[in-house]
Amino acid sequence: MISTARQPTSALGQAGATEAPPLEIHDLTVSYHKKPVLWGIDLVVPAGKLVGIVGPNGAGKSTLIKAVMGLLPLNSGWVKIYGKSFQKNLKRVGYVPQRESVDWDFPVNVMDVVLMGRYGHLGLIKRPSKRDREIARECLDKVKMLPYSDRQISNLSGGQQQRVFLARALAQESDVYFMDEPFSGVDAATESAIITLLHELRAKGKTILVVHHDLPTARNYFDMLLLLNMRVVAFGPTEEVFTYELLQKTYGGRLTILSEVAEAVRQKV
Amino acid sequence: MFFMLSKRTFIYLLTALGYFLFFAGNVEAARIGDISEMSIGEQTARFFSFQDPAVRYAVIGSILLGITCGLLGSFIVVRKMALVGDTLSHAVLPGVALGFMWNMTKNPIAIFIGATIAGLIGTAVVNLIKQTTRLKEDTALGMVLAGFFAVGICMITMIQQLPTGNVSGIDKFLFGQAAAIGKDDLILMATVTVLTLLIVGIFYKEFLVSSFDAGFARVAGFPVQVLHYTLMLLLAFAVVISLQAVGVVLVSAMLITPAAAAYLLTDRMHKMIWLAAGFGMLAGLVGAFFSFLGPSLPTGPFMVLGASAVFATAFFFGPKHGVTTRWWQQRSRAKRMNRENTLKSIYHVLEDRAFKGESVSLEELKIRRAESFEEAHQRARELAAHDLATFDAKKSQIYLTPDGWQRACEIVRNHRLWELYLTNAVQFAADHVHEDAEKIEHVLGDEVVREIEKRLNYATKDPHGRDIPGLRDVEKGKRMDGAPAETIGYGRRT
């Protein structure tokens, strides 16, 4: 497998000339039970881009995000957020975990969850202020969930739960966002609401990395794609890397997905 | 905000308890067992007068442990760590025995240290098994629980057979005896309670976010591991201070049951915590009281029974999730639908004779519904009981009240609108829509009805060609008082 990770394009280089890139990964290896899941990952993500991370099941997409945020031990390599270690730049990172990762019967309401997005800025002991509540309300409004702010979180549809998670990440007011499958299991209305929101964030110069499962939509949604299968197969502008050859390389011999790939590429032509 | 306020209230409460403690300390404690020939009434009076320092110790101790256990138990329940609590509480037993062997007396500090260490070793062994083998957590917990408990039982049996030392009281650690709580025990209990209140109060936000979403909490920069171990340590403390009163065997129930009851009653974590603390307190009091009534009754089982009673109440009668509450709601819904069906049938009877006459006879209702006379009679009485109609038993006539007429119009209207909507907007065949409308007519809200009307362009005929009753028909019914005899006069008895 050949890694074709690319350098930031010149236009972006100018915009972020004074600052280090939002995400820089060097020689990252992560393994579960001595089996590598990610192997020698090198990646430099330029600022202000909406990046889709695609690859087959078990390719290490979620693992990559978790490793970047220090939730998993690294076997080798390092990760830098705006040129510093993750721990030193916590407040610039927003996170949307997989929806299934929490217990939705937990006794909190929608507002409580979104307020958690403010906790990182508050630090230890301090409690959310009126201003924090105001921010949380604004974020809820952006995902059209303000009318539900008093609702217990189990009384929400899957799409609504996902939007609550998104509002929580917005409340973090970060510069780079990592989202783990925000589109999985959501209704069409939520999907379009999320994509609108992502575009708004990008317009404000935020960088967003999204783990994405659905190949056909990936081509339309993202500026850049990271094709991942244990190693970086390709990383670059969507129109350059969304090719039959590279996708085949990423998905290997998985026939059903291959036909999906073929279909997606044909639509493109 | 709620949390802060309540915390202040609790601090007042604790100060009051402190004074109580101070005065209690000036009197030499009499053992509860000393007086056992009193009647239950006298015992009850003696208990609630709080004159007896032993009673005071038992009551304050039980309250303190109830608060601590309920508070921490809330986090145990939402973090799905109930089994961890159970294992921890059994694993402390060898430590209790070791603490006892320190100088062969019941020294609270020595026992506290020994039990805490044993509990933490037990937890460490669980983690070791989990991390180094393929075995899962529940298996490791089960083994450690039984293994440590067995070691503890052996040691206690050995101690009891030793000739030296004052061994009385060590057997009380198995099932608990609130009466055995001494002043030193009480000071320890108060310390742990205050410590728990402070730590949970100060770091509430941190415990909340790390319990709900540990990954997110870590990314937000919170020391999730430290918080976890703090909670485990507090949990060990809570178990140890509860041992004397509740006993090793049942102490985990005091952690879990009040919190579980609270979980059924509220959807907010801070409310759950205070409810659980309150329930724990209540259970503690109940246990102390009942074990006081008899000379040698163990306290633990009574406390746990008290907590279980609270849980059972929440389970059956909780306003949101209670089983009986839900059953009752379903039943009243079914009854309401039944009444509405009666109203609808009456409307149909009236409609069939072009709304001539004021009343509908039982015979007509019976034929319309193809039921027995008794059933029709029952329906009439149901309507009368809810002021939807008046029923003249002698003449077997049913007269709708204005409310009954309005509801009848609404139901028929809902039914026909829905049929029309299904045939027009969703292209159902006209003979496919009745069943569906039969159900939906009872649940359509005003807003939905208005929306359907709009989409149907305010149609007045249903797919079968019958009139859809409108607002005017409802009003007509209401204005009938004093109208000519051949029209319908709802709400009037002739």
# chains A, B, ... in the order shown; residues from 1 in each chain; ligands from 1
call {"tool": "residues_around", "arguments": {"residues": "Asp223 (chain A)", "least_positions_apart": "2", "cutoff": "12 Å", "atoms": "only C-alpha atoms", "output": "PyMOL selection string"}}
result
chain A and resi 45-53+198-199+202+207-210+218-221+225-226+235-242
call {"tool": "residues_around", "arguments": {"residues": "Val323 (chain B)", "least_positions_apart": "6", "cutoff": "10 Å", "atoms": "only C-alpha atoms", "output": "CSV table (one decimal) with C-alpha atoms, in the first residue's frame"}}
result
chain,number,residue,atom,x,y,z
B,312,ALA,CA,-41.7,-1.0,45.7
B,313,THR,CA,-43.7,2.2,46.2
B,314,ALA,CA,-41.8,4.0,43.5
B,315,PHE,CA,-42.1,0.9,41.2
B,316,PHE,CA,-45.9,0.7,41.6
B,317,PHE,CA,-46.9,4.3,42.1
B,329,GLN,CA,-53.6,5.4,32.8
call {"tool": "residues_around", "arguments": {"residues": "region 124-135 of chain B", "least_positions_apart": "2", "cutoff": "12 Å", "atoms": "only C-alpha atoms", "output": "mmCIF file with C-alpha atoms, in the first residue's frame"}}
result
data_model
loop_
_atom_site.group_PDB
_atom_site.id
_atom_site.type_symbol
_atom_site.label_atom_id
_atom_site.label_comp_id
_atom_site.auth_asym_id
_atom_site.auth_seq_id
_atom_site.Cartn_x
_atom_site.Cartn_y
_atom_site.Cartn_z
ATOM 1 C CA HIS A 33 -4.247 -7.006 21.491
ATOM 2 C CA LEU B 83 -22.084 -5.368 41.255
ATOM 3 C CA VAL B 84 -18.897 -3.470 42.062
ATOM 4 C CA THR B 87 -18.262 -7.033 45.724
ATOM 5 C CA LEU B 88 -16.578 -4.201 47.571
ATOM 6 C CA ALA B 91 -14.513 -7.919 50.281
ATOM 7 C CA ILE B 117 -7.615 -1.607 52.680
ATOM 8 C CA ALA B 118 -9.292 -4.994 52.198
ATOM 9 C CA GLY B 119 -11.967 -3.391 50.008
ATOM 10 C CA LEU B 120 -9.419 -1.653 47.840
ATOM 11 C CA ILE B 121 -7.347 -4.842 47.509
ATOM 12 C CA GLY B 122 -10.500 -6.660 46.412
ATOM 13 C CA GLU B 137 -15.726 -8.106 34.795
ATOM 14 C CA ASP B 138 -18.825 -9.869 36.128
ATOM 15 C CA THR B 139 -16.913 -13.142 36.521
ATOM 16 C CA ALA B 140 -14.032 -11.428 38.293
ATOM 17 C CA LEU B 141 -16.462 -9.606 40.597
ATOM 18 C CA GLY B 142 -18.295 -12.809 41.460
ATOM 19 C CA MET B 143 -15.108 -14.643 42.340
ATOM 20 C CA VAL B 144 -13.627 -11.863 44.431
ATOM 21 C CA LEU B 145 -16.906 -11.318 46.274
ATOM 22 C CA GLY B 147 -13.440 -15.484 47.911
ATOM 23 C CA PHE B 148 -12.881 -12.498 50.166
ATOM 24 C CA TYR B 229 -10.890 6.141 42.002
ATOM 25 C CA MET B 232 -14.355 4.031 44.633
ATOM 26 C CA LEU B 233 -12.564 5.254 47.760
#
call {"tool": "closest_atom_pairs", "arguments": {"of": "chain A", "to": "chain B", "cutoff": "8 Å", "atoms": "only C-alpha atoms", "output": "JSON lines"}}
result
{"residue": "A:Met69", "atom": "CA", "partner": "B:Val219", "partner_atom": "CA", "distance": 6.4}
{"residue": "A:Gly70", "atom": "CA", "partner": "B:Val219", "partner_atom": "CA", "distance": 7.7}
{"residue": "A:Leu71", "atom": "CA", "partner": "B:Gly215", "partner_atom": "CA", "distance": 6.8}
{"residue": "A:Gln87", "atom": "CA", "partner": "B:Gly221", "partner_atom": "CA", "distance": 7.4}
{"residue": "A:Leu90", "atom": "CA", "partner": "B:Ala220", "partner_atom": "CA", "distance": 6.4}
{"residue": "A:Lys91", "atom": "CA", "partner": "B:Ala220", "partner_atom": "CA", "distance": 7.2}
{"residue": "A:Val93", "atom": "CA", "partner": "B:Val219", "partner_atom": "CA", "distance": 7.9}
{"residue": "A:Tyr95", "atom": "CA", "partner": "B:Phe216", "partner_atom": "CA", "distance": 6.8}
{"residue": "A:Val96", "atom": "CA", "partner": "B:Phe216", "partner_atom": "CA", "distance": 7.9}
{"residue": "A:Pro97", "atom": "CA", "partner": "B:Phe216", "partner_atom": "CA", "distance": 7.2}
{"residue": "A:Ser101", "atom": "CA", "partner": "B:Asp213", "partner_atom": "CA", "distance": 7.6}
{"residue": "A:Val102", "atom": "CA", "partner": "B:Asp213", "partner_atom": "CA", "distance": 5.9}
{"residue": "A:Asp103", "atom": "CA", "partner": "B:Phe212", "partner_atom": "CA", "distance": 7.1}
{"residue": "A:Phe106", "atom": "CA", "partner": "B:Val78", "partner_atom": "CA", "distance": 6.5}
{"residue": "A:Pro107", "atom": "CA", "partner": "B:Asp267", "partner_atom": "CA", "distance": 4.4}
{"residue": "A:Val108", "atom": "CA", "partner": "B:Arg268", "partner_atom": "CA", "distance": 4.8}
{"residue": "A:Asn109", "atom": "CA", "partner": "B:Arg268", "partner_atom": "CA", "distance": 6.8}
{"residue": "A:Met116", "atom": "CA", "partner": "B:Val209", "partner_atom": "CA", "distance": 6.6}
{"residue": "A:Tyr119", "atom": "CA", "partner": "B:Ala220", "partner_atom": "CA", "distance": 7.1}
{"residue": "A:Gly120", "atom": "CA", "partner": "B:Ala220", "partner_atom": "CA", "distance": 4.6}
{"residue": "A:Gly123", "atom": "CA", "partner": "B:Gly221", "partner_atom": "CA", "distance": 7.8}
{"residue": "A:Leu124", "atom": "CA", "partner": "B:Glu206", "partner_atom": "CA", "distance": 7.3}
{"residue": "A:Ile125", "atom": "CA", "partner": "B:Phe203", "partner_atom": "CA", "distance": 5.6}
{"residue": "A:Arg127", "atom": "CA", "partner": "B:Lys205", "partner_atom": "CA", "distance": 7.2}
{"residue": "A:Gln152", "atom": "CA", "partner": "B:Asp267", "partner_atom": "CA", "distance": 6.2}
call {"tool": "residues_around", "arguments": {"residues": "region 440-445 of chain B", "least_positions_apart": "6", "cutoff": "6 Å", "atoms": "only C-alpha atoms", "output": "list in words"}}
result
Ile411, Asn414 and His415 of chain B
call {"tool": "atom_distance", "arguments": {"atom1": "CA of Pro108 (chain B)", "atom2": "CA of Leu188 (chain B)"}}
result
7.8 Å
call {"tool": "residues_around", "arguments": {"residues": "region 282-290 of chain B", "least_positions_apart": "5", "cutoff": "9 Å", "atoms": "only C-alpha atoms", "output": "MDAnalysis selection string"}}
result
chainID B and resid 44 47:48 55 58:67 177:179 245:246 254 258 277 297:310
call {"tool": "closest_residue", "arguments": {"among": "A:Val37, A:Ala203, A:Leu115, A:Val30", "to": "Leu74 (chain A)", "atoms": "only C-alpha atoms"}}
result
A:Val30
call {"tool": "residues_around", "arguments": {"residues": "Tyr32 (chain A)", "least_positions_apart": "5", "cutoff": "12 Å", "atoms": "only C-alpha atoms", "output": "PyMOL selection string"}}
result
chain A and resi 37-39+58+60+63+67+72-75
call {"tool": "residues_around", "arguments": {"residues": "region 76-78 of chain A", "least_positions_apart": "3", "cutoff": "6 Å", "atoms": "only C-alpha atoms", "output": "MDAnalysis selection string"}}
result
chainID A and resid 26:29
call {"tool": "write_last_selection", "arguments": {"atoms": "C-alpha atoms", "output": "PDB file, in the first residue's frame"}}
result
ATOM      1  CA  HIS A  26       3.362  11.511  12.417  1.00  0.00           C
ATOM      2  CA  ASP A  27       4.067   7.767  12.239  1.00  0.00           C
ATOM      3  CA  LEU A  28       1.034   6.884  14.363  1.00  0.00           C
ATOM      4  CA  THR A  29       0.598   3.203  15.212  1.00  0.00           C
TER       5      THR A  29
END
call {"tool": "closest_residue", "arguments": {"among": "A:Gln248, A:Thr190, A:Ser174, A:Asn229", "to": "Lys204 (chain A)", "atoms": "only C-alpha atoms"}}
result
A:Ser174
call {"tool": "select_by_dssp", "arguments": {"residues": "region 19-233 of chain A", "states": "strand (DSSP E or B)", "output": "number ranges by chain"}}
result
A: 23-32, 35-45, 50-54, 76-81, 84, 93-96, 109, 152, 176-180, 207-211, 224-229, 231-233
